[in-house]
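J.: Structure: final_30.tsv, TSV, N, CA and C atoms.
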chain	number	residue	atom	x	y	z
A	252	MET	N	-4.83	-3.64	1.76
A	252	MET	CA	-3.67	-3.76	0.91
A	252	MET	C	-2.46	-4.24	1.70
A	253	LEU	N	-2.23	-3.62	2.86
A	253	LEU	CA	-1.10	-4.07	3.67
A	253	LEU	C	-1.31	-5.49	4.17
A	254	ALA	N	-2.56	-5.85	4.49
A	254	ALA	CA	-2.84	-7.21	4.95
A	254	ALA	C	-2.52	-8.23	3.85
A	255	THR	N	-2.76	-7.86	2.61
A	255	THR	CA	-2.44	-8.75	1.49
A	255	THR	C	-0.94	-8.98	1.43
A	256	TYR	N	-0.17	-7.91	1.52
A	256	TYR	CA	1.28	-8.05	1.49
A	256	TYR	C	1.77	-8.85	2.69
A	257	GLU	N	1.25	-8.56	3.87
A	257	GLU	CA	1.68	-9.27	5.07
A	257	GLU	C	1.34	-10.75	4.99
A	258	GLY	N	0.20	-11.09	4.38
A	258	GLY	CA	-0.16	-12.49	4.18
A	258	GLY	C	0.81	-13.19	3.23
A	259	ALA	N	1.11	-12.53	2.10
A	259	ALA	CA	2.05	-13.10	1.13
A	259	ALA	C	3.42	-13.24	1.76
A	260	ARG	N	3.84	-12.25	2.51
A	260	ARG	CA	5.14	-12.28	3.18
A	260	ARG	C	5.21	-13.45	4.16
A	261	GLY	N	4.14	-13.69	4.90
A	261	GLY	CA	4.10	-14.80	5.85
A	261	GLY	C	4.28	-16.15	5.17
A	262	VAL	N	3.60	-16.34	4.05
A	262	VAL	CA	3.73	-17.59	3.29
A	262	VAL	C	5.16	-17.71	2.76
A	263	TYR	N	5.70	-16.62	2.23
A	263	TYR	CA	7.05	-16.60	1.66
A	263	TYR	C	8.09	-16.96	2.72
A	264	VAL	N	7.99	-16.34	3.89
A	264	VAL	CA	8.95	-16.61	4.97
A	264	VAL	C	8.85	-18.07	5.41
A	265	ALA	N	7.64	-18.60	5.57
A	265	ALA	CA	7.47	-20.00	5.97
A	265	ALA	C	8.06	-20.93	4.91
A	266	MET	N	7.90	-20.59	3.64
A	266	MET	CA	8.45	-21.40	2.55
A	266	MET	C	9.97	-21.40	2.61
A	267	LEU	N	10.58	-20.23	2.79
A	267	LEU	CA	12.04	-20.16	2.80
A	267	LEU	C	12.64	-20.74	4.08
A	268	ARG	N	11.87	-20.80	5.14
A	268	ARG	CA	12.34	-21.47	6.36
A	268	ARG	C	12.24	-22.99	6.24
A	269	GLY	N	11.55	-23.46	5.20
A	269	GLY	CA	11.35	-24.89	5.04
A	269	GLY	C	10.18	-25.42	5.85
A	270	GLU	N	9.34	-24.52	6.35
A	270	GLU	CA	8.18	-24.91	7.15
A	270	GLU	C	7.00	-25.28	6.26
A	271	THR	N	7.01	-24.81	5.03
A	271	THR	CA	5.94	-25.06	4.07
A	271	THR	C	6.57	-25.50	2.76
A	272	ASP	N	6.06	-26.59	2.18
A	272	ASP	CA	6.62	-27.03	0.90
A	272	ASP	C	6.13	-26.14	-0.24
A	273	LEU	N	6.77	-26.26	-1.39
A	273	LEU	CA	6.46	-25.38	-2.53
A	273	LEU	C	5.01	-25.51	-3.00
A	274	ASP	N	4.49	-26.72	-3.03
A	274	ASP	CA	3.11	-26.91	-3.49
A	274	ASP	C	2.12	-26.22	-2.56
A	275	THR	N	2.31	-26.42	-1.26
A	275	THR	CA	1.42	-25.79	-0.28
A	275	THR	C	1.56	-24.28	-0.33
A	276	ALA	N	2.80	-23.79	-0.41
A	276	ALA	CA	3.02	-22.35	-0.50
A	276	ALA	C	2.34	-21.78	-1.74
A	277	GLY	N	2.45	-22.49	-2.86
A	277	GLY	CA	1.80	-22.03	-4.09
A	277	GLY	C	0.30	-21.89	-3.93
A	278	GLU	N	-0.31	-22.86	-3.28
A	278	GLU	CA	-1.76	-22.80	-3.04
A	278	GLU	C	-2.11	-21.64	-2.12
A	279	GLU	N	-1.32	-21.47	-1.05
A	279	GLU	CA	-1.59	-20.40	-0.09
A	279	GLU	C	-1.36	-19.02	-0.70
A	280	LEU	N	-0.35	-18.90	-1.56
A	280	LEU	CA	-0.06	-17.60	-2.19
A	280	LEU	C	-1.16	-17.14	-3.13
A	281	GLU	N	-1.95	-18.06	-3.65
A	281	GLU	CA	-3.04	-17.68	-4.56
A	281	GLU	C	-4.02	-16.72	-3.90
A	282	ALA	N	-4.09	-16.72	-2.56
A	282	ALA	CA	-4.98	-15.80	-1.84
A	282	ALA	C	-4.40	-14.39	-1.76
A	283	TYR	N	-3.10	-14.24	-2.10
A	283	TYR	CA	-2.43	-12.96	-1.91
A	283	TYR	C	-1.76	-12.40	-3.16
A	284	ALA	N	-1.47	-13.24	-4.13
A	284	ALA	CA	-0.68	-12.77	-5.28
A	284	ALA	C	-1.10	-13.48	-6.55
A	285	THR	N	-0.80	-12.81	-7.66
A	285	THR	CA	-1.07	-13.36	-8.98
A	285	THR	C	0.00	-12.83	-9.94
A	286	GLY	N	0.06	-13.38	-11.12
A	286	GLY	CA	0.96	-12.86	-12.15
A	286	GLY	C	2.42	-12.87	-11.74
A	287	GLN	N	3.12	-11.80	-12.08
A	287	GLN	CA	4.55	-11.70	-11.84
A	287	GLN	C	4.90	-11.82	-10.36
A	288	ALA	N	4.11	-11.22	-9.47
A	288	ALA	CA	4.39	-11.29	-8.04
A	288	ALA	C	4.33	-12.74	-7.56
A	289	TYR	N	3.31	-13.46	-7.96
A	289	TYR	CA	3.16	-14.86	-7.58
A	289	TYR	C	4.34	-15.68	-8.08
A	290	GLU	N	4.67	-15.52	-9.36
A	290	GLU	CA	5.78	-16.29	-9.94
A	290	GLU	C	7.11	-15.95	-9.28
A	291	SER	N	7.34	-14.68	-8.98
A	291	SER	CA	8.58	-14.26	-8.35
A	291	SER	C	8.76	-14.88	-6.97
A	292	LEU	N	7.70	-14.87	-6.18
A	292	LEU	CA	7.77	-15.45	-4.84
A	292	LEU	C	8.05	-16.95	-4.89
A	293	LEU	N	7.35	-17.65	-5.78
A	293	LEU	CA	7.57	-19.10	-5.91
A	293	LEU	C	8.94	-19.42	-6.49
A	294	GLN	N	9.41	-18.60	-7.43
A	294	GLN	CA	10.73	-18.85	-8.02
A	294	GLN	C	11.83	-18.75	-6.97
A	295	ASP	N	11.72	-17.79	-6.08
A	295	ASP	CA	12.69	-17.70	-4.98
A	295	ASP	C	12.68	-18.99	-4.17
A	296	GLY	N	11.49	-19.50	-3.87
A	296	GLY	CA	11.38	-20.74	-3.12
A	296	GLY	C	12.03	-21.90	-3.84
A	297	ARG	N	11.78	-22.00	-5.14
A	297	ARG	CA	12.40	-23.07	-5.95
A	297	ARG	C	13.91	-22.95	-5.96
A	298	THR	N	14.40	-21.75	-6.20
A	298	THR	CA	15.84	-21.51	-6.30
A	298	THR	C	16.56	-21.92	-5.01
A	299	PHE	N	16.06	-21.45	-3.87
A	299	PHE	CA	16.70	-21.78	-2.60
A	299	PHE	C	16.54	-23.26	-2.27
A	300	SER	N	15.38	-23.82	-2.55
A	300	SER	CA	15.15	-25.24	-2.28
A	300	SER	C	16.11	-26.12	-3.09
A	301	GLU	N	16.25	-25.82	-4.37
A	301	GLU	CA	17.16	-26.60	-5.23
A	301	GLU	C	18.61	-26.47	-4.79
A	302	ALA	N	18.96	-25.34	-4.17
A	302	ALA	CA	20.33	-25.13	-3.68
A	302	ALA	C	20.52	-25.70	-2.27
A	303	GLY	N	19.45	-26.25	-1.68
A	303	GLY	CA	19.55	-26.80	-0.33
A	303	GLY	C	19.66	-25.74	0.75
A	304	ILE	N	19.13	-24.56	0.48
A	304	ILE	CA	19.24	-23.45	1.43
A	304	ILE	C	17.89	-23.20	2.10
A	305	VAL	N	17.91	-23.10	3.41
A	305	VAL	CA	16.76	-22.65	4.19
A	305	VAL	C	17.21	-21.46	5.02
A	306	PHE	N	16.27	-20.75	5.57
A	306	PHE	CA	16.58	-19.56	6.36
A	306	PHE	C	16.06	-19.73	7.77
A	307	GLU	N	16.72	-19.03	8.69
A	307	GLU	CA	16.20	-18.95	10.05
A	307	GLU	C	16.20	-17.48	10.46
A	308	GLY	N	15.38	-17.20	11.45
A	308	GLY	CA	15.25	-15.82	11.89
A	308	GLY	C	14.04	-15.18	11.27
A	309	GLU	N	14.04	-13.88	11.26
A	309	GLU	CA	12.90	-13.12	10.75
A	309	GLU	C	13.39	-11.88	10.01
A	310	PRO	N	13.04	-11.76	8.74
A	310	PRO	CA	13.42	-10.53	8.04
A	310	PRO	C	12.59	-9.36	8.56
A	311	GLY	N	13.23	-8.22	8.69
A	311	GLY	CA	12.51	-7.02	9.12
A	311	GLY	C	11.68	-6.47	7.98
A	312	MET	N	10.68	-5.70	8.33
A	312	MET	CA	9.83	-5.09	7.31
A	312	MET	C	9.25	-3.79	7.83
A	313	ASP	N	8.91	-2.93	6.90
A	313	ASP	CA	8.29	-1.65	7.22
A	313	ASP	C	7.45	-1.23	6.02
A	314	PRO	N	6.37	-2.00	5.72
A	314	PRO	CA	5.59	-1.72	4.51
A	314	PRO	C	4.71	-0.48	4.64
A	315	GLU	N	4.48	0.15	3.51
A	315	GLU	CA	3.54	1.26	3.47
A	315	GLU	C	2.90	1.35	2.10
A	316	VAL	N	1.67	1.81	2.09
A	316	VAL	CA	0.95	2.08	0.84
A	316	VAL	C	1.41	3.45	0.39
A	317	THR	N	1.94	3.52	-0.83
A	317	THR	CA	2.47	4.79	-1.33
A	317	THR	C	1.56	5.46	-2.35
A	318	GLY	N	0.53	4.75	-2.79
A	318	GLY	CA	-0.39	5.35	-3.74
A	318	GLY	C	-1.59	4.45	-3.97
A	319	VAL	N	-2.74	5.06	-4.24
A	319	VAL	CA	-3.96	4.31	-4.55
A	319	VAL	C	-4.66	5.04	-5.68
A	320	ASP	N	-5.08	4.28	-6.69
A	320	ASP	CA	-5.85	4.83	-7.81
A	320	ASP	C	-7.14	4.04	-7.92
A	321	MET	N	-8.18	4.52	-7.25
A	321	MET	CA	-9.48	3.84	-7.27
A	321	MET	C	-10.22	4.07	-8.58
A	322	ASP	N	-9.76	5.03	-9.41
A	322	ASP	CA	-10.41	5.30	-10.69
A	322	ASP	C	-9.91	4.39	-11.80
A	323	ALA	N	-8.78	3.72	-11.58
A	323	ALA	CA	-8.25	2.78	-12.57
A	323	ALA	C	-9.17	1.56	-12.63
A	324	THR	N	-9.10	0.84	-13.73
A	324	THR	CA	-9.88	-0.38	-13.90
A	324	THR	C	-8.94	-1.53	-14.17
A	325	PRO	N	-8.69	-2.43	-13.23
A	325	PRO	CA	-9.19	-2.39	-11.85
A	325	PRO	C	-8.44	-1.37	-11.02
A	326	ALA	N	-8.99	-1.06	-9.84
A	326	ALA	CA	-8.31	-0.14	-8.92
A	326	ALA	C	-6.94	-0.70	-8.59
A	327	GLN	N	-5.96	0.20	-8.42
A	327	GLN	CA	-4.59	-0.23	-8.17
A	327	GLN	C	-4.01	0.50	-6.98
A	328	ALA	N	-3.02	-0.14	-6.36
A	328	ALA	CA	-2.29	0.47	-5.26
A	328	ALA	C	-0.81	0.16	-5.44
A	329	THR	N	0.03	1.06	-4.97
A	329	THR	CA	1.46	0.81	-4.95
A	329	THR	C	1.89	0.75	-3.48
A	330	LEU	N	2.84	-0.14	-3.22
A	330	LEU	CA	3.35	-0.34	-1.87
A	330	LEU	C	4.86	-0.41	-1.94
A	331	THR	N	5.51	-0.04	-0.85
A	331	THR	CA	6.95	-0.24	-0.71
A	331	THR	C	7.21	-0.89	0.64
A	332	ASP	N	8.32	-1.58	0.72
A	332	ASP	CA	8.74	-2.17	1.98
A	332	ASP	C	10.25	-2.07	2.07
A	333	CYS	N	10.74	-2.05	3.29
A	333	CYS	CA	12.17	-2.12	3.54
A	333	CYS	C	12.44	-3.53	4.05
A	334	TRP	N	12.95	-4.39	3.17
A	334	TRP	CA	13.24	-5.79	3.50
A	334	TRP	C	14.62	-5.81	4.15
A	335	ASP	N	14.65	-6.13	5.45
A	335	ASP	CA	15.87	-6.08	6.24
A	335	ASP	C	16.31	-7.50	6.59
A	336	THR	N	17.46	-7.92	6.07
A	336	THR	CA	17.94	-9.29	6.28
A	336	THR	C	18.95	-9.40	7.42
A	337	THR	N	19.05	-8.40	8.25
A	337	THR	CA	20.00	-8.41	9.36
A	337	THR	C	19.82	-9.67	10.22
A	338	ASN	N	18.57	-10.05	10.51
A	338	ASN	CA	18.27	-11.21	11.36
A	338	ASN	C	17.67	-12.36	10.55
A	339	TRP	N	18.10	-12.50	9.31
A	339	TRP	CA	17.56	-13.50	8.38
A	339	TRP	C	18.75	-14.26	7.84
A	340	GLN	N	19.04	-15.43	8.41
A	340	GLN	CA	20.27	-16.16	8.14
A	340	GLN	C	20.05	-17.35	7.21
A	341	PRO	N	20.75	-17.38	6.06
A	341	PRO	CA	20.67	-18.55	5.19
A	341	PRO	C	21.54	-19.69	5.76
A	342	LEU	N	21.02	-20.91	5.64
A	342	LEU	CA	21.73	-22.10	6.12
A	342	LEU	C	21.74	-23.17	5.04
A	343	ARG	N	22.83	-23.92	4.98
A	343	ARG	CA	22.87	-25.11	4.12
A	343	ARG	C	23.32	-26.25	5.03
A	344	ASN	N	22.50	-27.29	5.12
A	344	ASN	CA	22.79	-28.43	6.01
A	344	ASN	C	23.04	-27.97	7.44
A	345	GLY	N	22.29	-26.97	7.88
A	345	GLY	CA	22.41	-26.47	9.24
A	345	GLY	C	23.57	-25.53	9.50
A	346	THR	N	24.40	-25.31	8.46
A	346	THR	CA	25.57	-24.44	8.61
A	346	THR	C	25.26	-23.05	8.05
A	347	PRO	N	25.48	-22.00	8.86
A	347	PRO	CA	25.24	-20.64	8.35
A	347	PRO	C	26.13	-20.33	7.15
A	348	LEU	N	25.54	-19.69	6.17
A	348	LEU	CA	26.29	-19.23	5.00
A	348	LEU	C	26.67	-17.78	5.19
A	349	GLU	N	27.86	-17.43	4.77
A	349	GLU	CA	28.30	-16.04	4.88
A	349	GLU	C	27.59	-15.20	3.81
A	350	LYS	N	27.22	-14.03	4.22
A	350	LYS	CA	26.62	-13.09	3.27
A	350	LYS	C	27.74	-12.42	2.50
A	351	ALA	N	27.48	-12.10	1.25
A	351	ALA	CA	28.49	-11.41	0.44
A	351	ALA	C	28.82	-10.07	1.08
A	352	PRO	N	30.11	-9.69	1.10
A	352	PRO	CA	30.50	-8.44	1.75
A	352	PRO	C	29.82	-7.20	1.17
A	353	ASP	N	29.47	-7.24	-0.10
A	353	ASP	CA	28.83	-6.08	-0.72
A	353	ASP	C	27.30	-6.18	-0.73
A	354	GLN	N	26.76	-7.20	-0.08
A	354	GLN	CA	25.32	-7.39	-0.06
A	354	GLN	C	24.66	-6.41	0.89
A	355	ASN	N	23.68	-5.67	0.40
A	355	ASN	CA	22.93	-4.74	1.24
A	355	ASN	C	22.04	-5.53	2.18
A	356	GLN	N	22.07	-5.21	3.45
A	356	GLN	CA	21.22	-5.87	4.44
A	356	GLN	C	19.78	-5.35	4.37
A	357	ARG	N	19.62	-4.16	3.81
A	357	ARG	CA	18.29	-3.54	3.73
A	357	ARG	C	18.04	-3.12	2.29
A	358	GLN	N	16.92	-3.58	1.75
A	358	GLN	CA	16.62	-3.30	0.35
A	358	GLN	C	15.16	-2.88	0.19
A	359	VAL	N	14.93	-1.93	-0.69
A	359	VAL	CA	13.58	-1.46	-0.97
A	359	VAL	C	12.89	-2.44	-1.91
A	360	LEU	N	11.67	-2.84	-1.56
A	360	LEU	CA	10.81	-3.64	-2.44
A	360	LEU	C	9.68	-2.75	-2.92
A	361	ASN	N	9.42	-2.78	-4.22
A	361	ASN	CA	8.31	-2.04	-4.80
A	361	ASN	C	7.26	-3.05	-5.25
A	362	MET	N	6.00	-2.75	-4.96
A	362	MET	CA	4.91	-3.66	-5.30
A	362	MET	C	3.72	-2.91	-5.87
A	363	ARG	N	2.95	-3.65	-6.64
A	363	ARG	CA	1.66	-3.14	-7.15
A	363	ARG	C	0.61	-4.18	-6.78
A	364	ALA	N	-0.55	-3.69	-6.38
A	364	ALA	CA	-1.68	-4.56	-6.07
A	364	ALA	C	-2.88	-4.10	-6.87
A	365	GLU	N	-3.76	-5.05	-7.19
A	365	GLU	CA	-4.99	-4.73	-7.91
A	365	GLU	C	-6.18	-5.21	-7.10
A	366	HIS	N	-7.23	-4.41	-7.13
A	366	HIS	CA	-8.48	-4.73	-6.45
A	366	HIS	C	-9.26	-5.71	-7.31
A	367	GLN	N	-9.69	-6.81	-6.73
A	367	GLN	CA	-10.41	-7.85	-7.46
A	367	GLN	C	-11.92	-7.66	-7.34
A	368	ASP	N	-12.66	-8.30	-8.23
A	368	ASP	CA	-14.12	-8.20	-8.22
A	368	ASP	C	-14.73	-8.67	-6.91
A	369	ASP	N	-14.07	-9.61	-6.24
A	369	ASP	CA	-14.61	-10.13	-4.97
A	369	ASP	C	-14.27	-9.22	-3.78
A	370	GLY	N	-13.60	-8.10	-4.04
A	370	GLY	CA	-13.26	-7.15	-2.98
A	370	GLY	C	-11.86	-7.31	-2.42
A	371	ALA	N	-11.19	-8.38	-2.78
A	371	ALA	CA	-9.83	-8.63	-2.27
A	371	ALA	C	-8.81	-7.85	-3.09
A	372	TRP	N	-7.66	-7.60	-2.49
A	372	TRP	CA	-6.51	-7.04	-3.18
A	372	TRP	C	-5.52	-8.16	-3.41
A	373	LEU	N	-4.91	-8.23	-4.59
A	373	LEU	CA	-3.86	-9.20	-4.89
A	373	LEU	C	-2.62	-8.47	-5.37
A	374	LEU	N	-1.46	-8.90	-4.89
A	374	LEU	CA	-0.20	-8.38	-5.41
A	374	LEU	C	-0.04	-8.86	-6.85
A	375	THR	N	0.30	-7.96	-7.75
A	375	THR	CA	0.49	-8.34	-9.14
A	375	THR	C	1.93	-8.16	-9.60
A	376	GLU	N	2.65	-7.25	-8.97
A	376	GLU	CA	4.05	-7.01	-9.30
A	376	GLU	C	4.85	-6.84	-8.01
A	377	LEU	N	6.07	-7.39	-8.03
A	377	LEU	CA	6.95	-7.28	-6.88
A	377	LEU	C	8.36	-7.25	-7.41
A	378	ALA	N	9.11	-6.20	-7.06
A	378	ALA	CA	10.47	-6.08	-7.58
A	378	ALA	C	11.36	-5.37	-6.57
A	379	PRO	N	12.50	-5.98	-6.25
A	379	PRO	CA	13.47	-5.27	-5.43
A	379	PRO	C	14.07	-4.12	-6.25
A	380	GLU	N	14.32	-3.02	-5.60
A	380	GLU	CA	14.93	-1.88	-6.29
A	380	GLU	C	16.43	-1.98	-6.14
A	381	GLU	N	17.09	-2.39	-7.20
A	381	GLU	CA	18.53	-2.60	-7.16
A	381	GLU	C	19.27	-1.30	-6.84
A	382	GLY	N	20.21	-1.39	-5.92
A	382	GLY	CA	21.05	-0.25	-5.60
A	382	GLY	C	20.46	0.73	-4.63
A	383	ARG	N	19.20	0.53	-4.21
A	383	ARG	CA	18.58	1.47	-3.27
A	383	ARG	C	18.37	0.79	-1.93
A	384	THR	N	18.96	1.33	-0.91
A	384	THR	CA	18.78	0.78	0.43
A	384	THR	C	17.79	1.64	1.20
A	385	CYS	N	17.42	1.15	2.36
A	385	CYS	CA	16.45	1.88	3.18
A	385	CYS	C	16.87	1.87	4.63
Translate this file's structure into structure tokens.
T.:
Amino acid sequence: MLATYEGARGVYVAMLRGETDLDTAGEELEAYATGQAYESLLQDGRTFSEAGIVFEGEPGMDPEVTGVDMDATPAQATLTDCWDTTNWQPLRNGTPLEKAPDQNQRQVLNMRAEHQDDGAWLLTELAPEEGRTC
């Protein structure tokens, strides 16, 4: 489950850095996410790309599996992460953009994953928890 999240996160970070185009990222994300989680990750890429924004650095993370229900059909897991943007700098045309003064540098992400028939786990839901820092 954590490997699935870490894989999706890697594709997402490469996309926002401008190292991977949206089409390639979309294909790569299919191995890690589906449904709302997939769409959310790609929408972020589209939004930043259309605004001419890329990122440099590395966002911090501290993911953990917070629950597993193997009796559900399909089996499900919940995960949380602390997405830390302290070392994650947005740039437009190579110029650093200032972060909003009220922007939290650390935000809780809540996720759900489902176990697939082929044995893989896919992220199905991904949502930042507004107002909760970590």
J.: Which residues come within 7 Å of A:Leu253, counting all atoms listed in the file, excluding same-chain residues fewer than 5 positions away, as number ranges by chain?
T.: A: 258, 314-316
J.: Write a file of the selected residues as a PDB file, in the coordinates of the input, keeping N, CA and C atoms.
T.:
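Written file, out_37.pdb:
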ATOM      1  N   GLY A 258       0.200 -11.090   4.380  1.00  0.00           N
ATOM      2  CA  GLY A 258      -0.160 -12.490   4.180  1.00  0.00           C
ATOM      3  C   GLY A 258       0.810 -13.190   3.230  1.00  0.00           C
ATOM      4  N   PRO A 314       6.370  -2.000   5.720  1.00  0.00           N
ATOM      5  CA  PRO A 314       5.590  -1.720   4.510  1.00  0.00           C
ATOM      6  C   PRO A 314       4.710  -0.480   4.640  1.00  0.00           C
ATOM      7  N   GLU A 315       4.480   0.150   3.510  1.00  0.00           N
ATOM      8  CA  GLU A 315       3.540   1.260   3.470  1.00  0.00           C
ATOM      9  C   GLU A 315       2.900   1.350   2.100  1.00  0.00           C
ATOM     10  N   VAL A 316       1.670   1.810   2.090  1.00  0.00           N
ATOM     11  CA  VAL A 316       0.950   2.080   0.840  1.00  0.00           C
ATOM     12  C   VAL A 316       1.410   3.450   0.390  1.00  0.00           C
TER      13      VAL A 316
END
J.: Can you tell me, as AutoDock Vina command-line options, the centre and edge lengths (Å, one decimal) of the axis-aligned box enclosing all of stretch 267-286 of chain A's listed atoms after padding each side by 8 Å?
T.:
--center_x 3.8 --center_y -19.7 --center_z -2.5 --size_x 33.6 --size_y 30.6 --size_z 35.3
J.: Residues of chain A in strand (DSSP E) according to DSSP, as a ChimeraX atom specification?
T.: /A:304-308,315-320,327-335,339-343,346-347,357-366,372-379
J.: If you keep N, CA and C atoms, can you produce a file of those selected residues as a compact mmCIF listing (two decimals), in the frame of the given file?
T.:
# COMPACT_ATOMS: atom_id res chain seq x y z
N ILE A 304 19.13 -24.56 0.48
CA ILE A 304 19.24 -23.45 1.43
C ILE A 304 17.89 -23.20 2.10
N VAL A 305 17.91 -23.10 3.41
CA VAL A 305 16.76 -22.65 4.19
C VAL A 305 17.21 -21.46 5.02
N PHE A 306 16.27 -20.75 5.57
CA PHE A 306 16.58 -19.56 6.36
C PHE A 306 16.06 -19.73 7.77
N GLU A 307 16.72 -19.03 8.69
CA GLU A 307 16.20 -18.95 10.05
C GLU A 307 16.20 -17.48 10.46
N GLY A 308 15.38 -17.20 11.45
CA GLY A 308 15.25 -15.82 11.89
C GLY A 308 14.04 -15.18 11.27
N GLU A 315 4.48 0.15 3.51
CA GLU A 315 3.54 1.26 3.47
C GLU A 315 2.90 1.35 2.10
N VAL A 316 1.67 1.81 2.09
CA VAL A 316 0.95 2.08 0.84
C VAL A 316 1.41 3.45 0.39
N THR A 317 1.94 3.52 -0.83
CA THR A 317 2.47 4.79 -1.33
C THR A 317 1.56 5.46 -2.35
N GLY A 318 0.53 4.75 -2.79
CA GLY A 318 -0.39 5.35 -3.74
C GLY A 318 -1.59 4.45 -3.97
N VAL A 319 -2.74 5.06 -4.24
CA VAL A 319 -3.96 4.31 -4.55
C VAL A 319 -4.66 5.04 -5.68
N ASP A 320 -5.08 4.28 -6.69
CA ASP A 320 -5.85 4.83 -7.81
C ASP A 320 -7.14 4.04 -7.92
N GLN A 327 -5.96 0.20 -8.42
CA GLN A 327 -4.59 -0.23 -8.17
C GLN A 327 -4.01 0.50 -6.98
N ALA A 328 -3.02 -0.14 -6.36
CA ALA A 328 -2.29 0.47 -5.26
C ALA A 328 -0.81 0.16 -5.44
N THR A 329 0.03 1.06 -4.97
CA THR A 329 1.46 0.81 -4.95
C THR A 329 1.89 0.75 -3.48
N LEU A 330 2.84 -0.14 -3.22
CA LEU A 330 3.35 -0.34 -1.87
C LEU A 330 4.86 -0.41 -1.94
N THR A 331 5.51 -0.04 -0.85
CA THR A 331 6.95 -0.24 -0.71
C THR A 331 7.21 -0.89 0.64
N ASP A 332 8.32 -1.58 0.72
CA ASP A 332 8.74 -2.17 1.98
C ASP A 332 10.25 -2.07 2.07
N CYS A 333 10.74 -2.05 3.29
CA CYS A 333 12.17 -2.12 3.54
C CYS A 333 12.44 -3.53 4.05
N TRP A 334 12.95 -4.39 3.17
CA TRP A 334 13.24 -5.79 3.50
C TRP A 334 14.62 -5.81 4.15
N ASP A 335 14.65 -6.13 5.45
CA ASP A 335 15.87 -6.08 6.24
C ASP A 335 16.31 -7.50 6.59
N TRP A 339 18.10 -12.50 9.31
CA TRP A 339 17.56 -13.50 8.38
C TRP A 339 18.75 -14.26 7.84
N GLN A 340 19.04 -15.43 8.41
CA GLN A 340 20.27 -16.16 8.14
C GLN A 340 20.05 -17.35 7.21
N PRO A 341 20.75 -17.38 6.06
CA PRO A 341 20.67 -18.55 5.19
C PRO A 341 21.54 -19.69 5.76
N LEU A 342 21.02 -20.91 5.64
CA LEU A 342 21.73 -22.10 6.12
C LEU A 342 21.74 -23.17 5.04
N ARG A 343 22.83 -23.92 4.98
CA ARG A 343 22.87 -25.11 4.12
C ARG A 343 23.32 -26.25 5.03
N THR A 346 24.40 -25.31 8.46
CA THR A 346 25.57 -24.44 8.61
C THR A 346 25.26 -23.05 8.05
N PRO A 347 25.48 -22.00 8.86
CA PRO A 347 25.24 -20.64 8.35
C PRO A 347 26.13 -20.33 7.15
N ARG A 357 19.62 -4.16 3.81
CA ARG A 357 18.29 -3.54 3.73
C ARG A 357 18.04 -3.12 2.29
N GLN A 358 16.92 -3.58 1.75
CA GLN A 358 16.62 -3.30 0.35
C GLN A 358 15.16 -2.88 0.19
N VAL A 359 14.93 -1.93 -0.69
CA VAL A 359 13.58 -1.46 -0.97
C VAL A 359 12.89 -2.44 -1.91
N LEU A 360 11.67 -2.84 -1.56
CA LEU A 360 10.81 -3.64 -2.44
C LEU A 360 9.68 -2.75 -2.92
N ASN A 361 9.42 -2.78 -4.22
CA ASN A 361 8.31 -2.04 -4.80
C ASN A 361 7.26 -3.05 -5.25
N MET A 362 6.00 -2.75 -4.96
CA MET A 362 4.91 -3.66 -5.30
C MET A 362 3.72 -2.91 -5.87
N ARG A 363 2.95 -3.65 -6.64
CA ARG A 363 1.66 -3.14 -7.15
C ARG A 363 0.61 -4.18 -6.78
N ALA A 364 -0.55 -3.69 -6.38
CA ALA A 364 -1.68 -4.56 -6.07
C ALA A 364 -2.88 -4.10 -6.87
N GLU A 365 -3.76 -5.05 -7.19
CA GLU A 365 -4.99 -4.73 -7.91
C GLU A 365 -6.18 -5.21 -7.10
N HIS A 366 -7.23 -4.41 -7.13
CA HIS A 366 -8.48 -4.73 -6.45
C HIS A 366 -9.26 -5.71 -7.31
N TRP A 372 -7.66 -7.60 -2.49
CA TRP A 372 -6.51 -7.04 -3.18
C TRP A 372 -5.52 -8.16 -3.41
N LEU A 373 -4.91 -8.23 -4.59
CA LEU A 373 -3.86 -9.20 -4.89
C LEU A 373 -2.62 -8.47 -5.37
N LEU A 374 -1.46 -8.90 -4.89
CA LEU A 374 -0.20 -8.38 -5.41
C LEU A 374 -0.04 -8.86 -6.85
N THR A 375 0.30 -7.96 -7.75
CA THR A 375 0.49 -8.34 -9.14
C THR A 375 1.93 -8.16 -9.60
N GLU A 376 2.65 -7.25 -8.97
CA GLU A 376 4.05 -7.01 -9.30
C GLU A 376 4.85 -6.84 -8.01
N LEU A 377 6.07 -7.39 -8.03
CA LEU A 377 6.95 -7.28 -6.88
C LEU A 377 8.36 -7.25 -7.41
N ALA A 378 9.11 -6.20 -7.06
CA ALA A 378 10.47 -6.08 -7.58
C ALA A 378 11.36 -5.37 -6.57
N PRO A 379 12.50 -5.98 -6.25
CA PRO A 379 13.47 -5.27 -5.43
C PRO A 379 14.07 -4.12 -6.25
J.: Identify which of the residues A:Leu342, A:Ile304, A:Ala265, A:Ala259 lies closest to A:Ala288, counting only C-alpha atoms when measuring atom-to-atom distances.
T.: A:Ala259
J.: Could you please determine the separation between atom CA of A:Gly277 and atom CA of A:Pro347 in Å, to one decimal place?
T.: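 Separation between atom CA of A:Gly277 and atom CA of A:Pro347: 26.6 Å.
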J.: Using all atoms listed in the file for the distances, tell me which of A:Thr317, A:Thr298, A:Thr324, A:Gln356 is nearest to A:Asn338.
T.: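 Closest to A:Asn338, using all atoms listed in the file: A:Gln356.
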J.: Tell me which of A:His366, A:Thr336, A:Leu273, A:Arg343 sits closest to A:Arg297, counting all atoms listed in the file.
T.: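 Of the candidates, the smallest distance to A:Arg297 is held by A:Leu273.
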J.: Fewer than 3 positions away in the same chain doesn't count, so skip those; otherwise give me all residues within 6 Å of A:Leu377, counting all atoms listed in the file, as a PyMOL selection string.
T.: chain A and resi 287-288+361-363
J.: So how many Å separate atom CA of A:Thr285 and atom N of A:Asp369, to one decimal?
T.: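 Atom N of A:Asp369 lies at a distance of 13.8 Å from atom CA of A:Thr285.
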J.: Return the single residue from A:Gly261, A:Leu348, A:Leu373, A:Met266 that is closest to A:Asp295, with distances computed using all atoms listed in the file.
T.: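 Looking at the shortest contact to A:Asp295, the residue is A:Met266.
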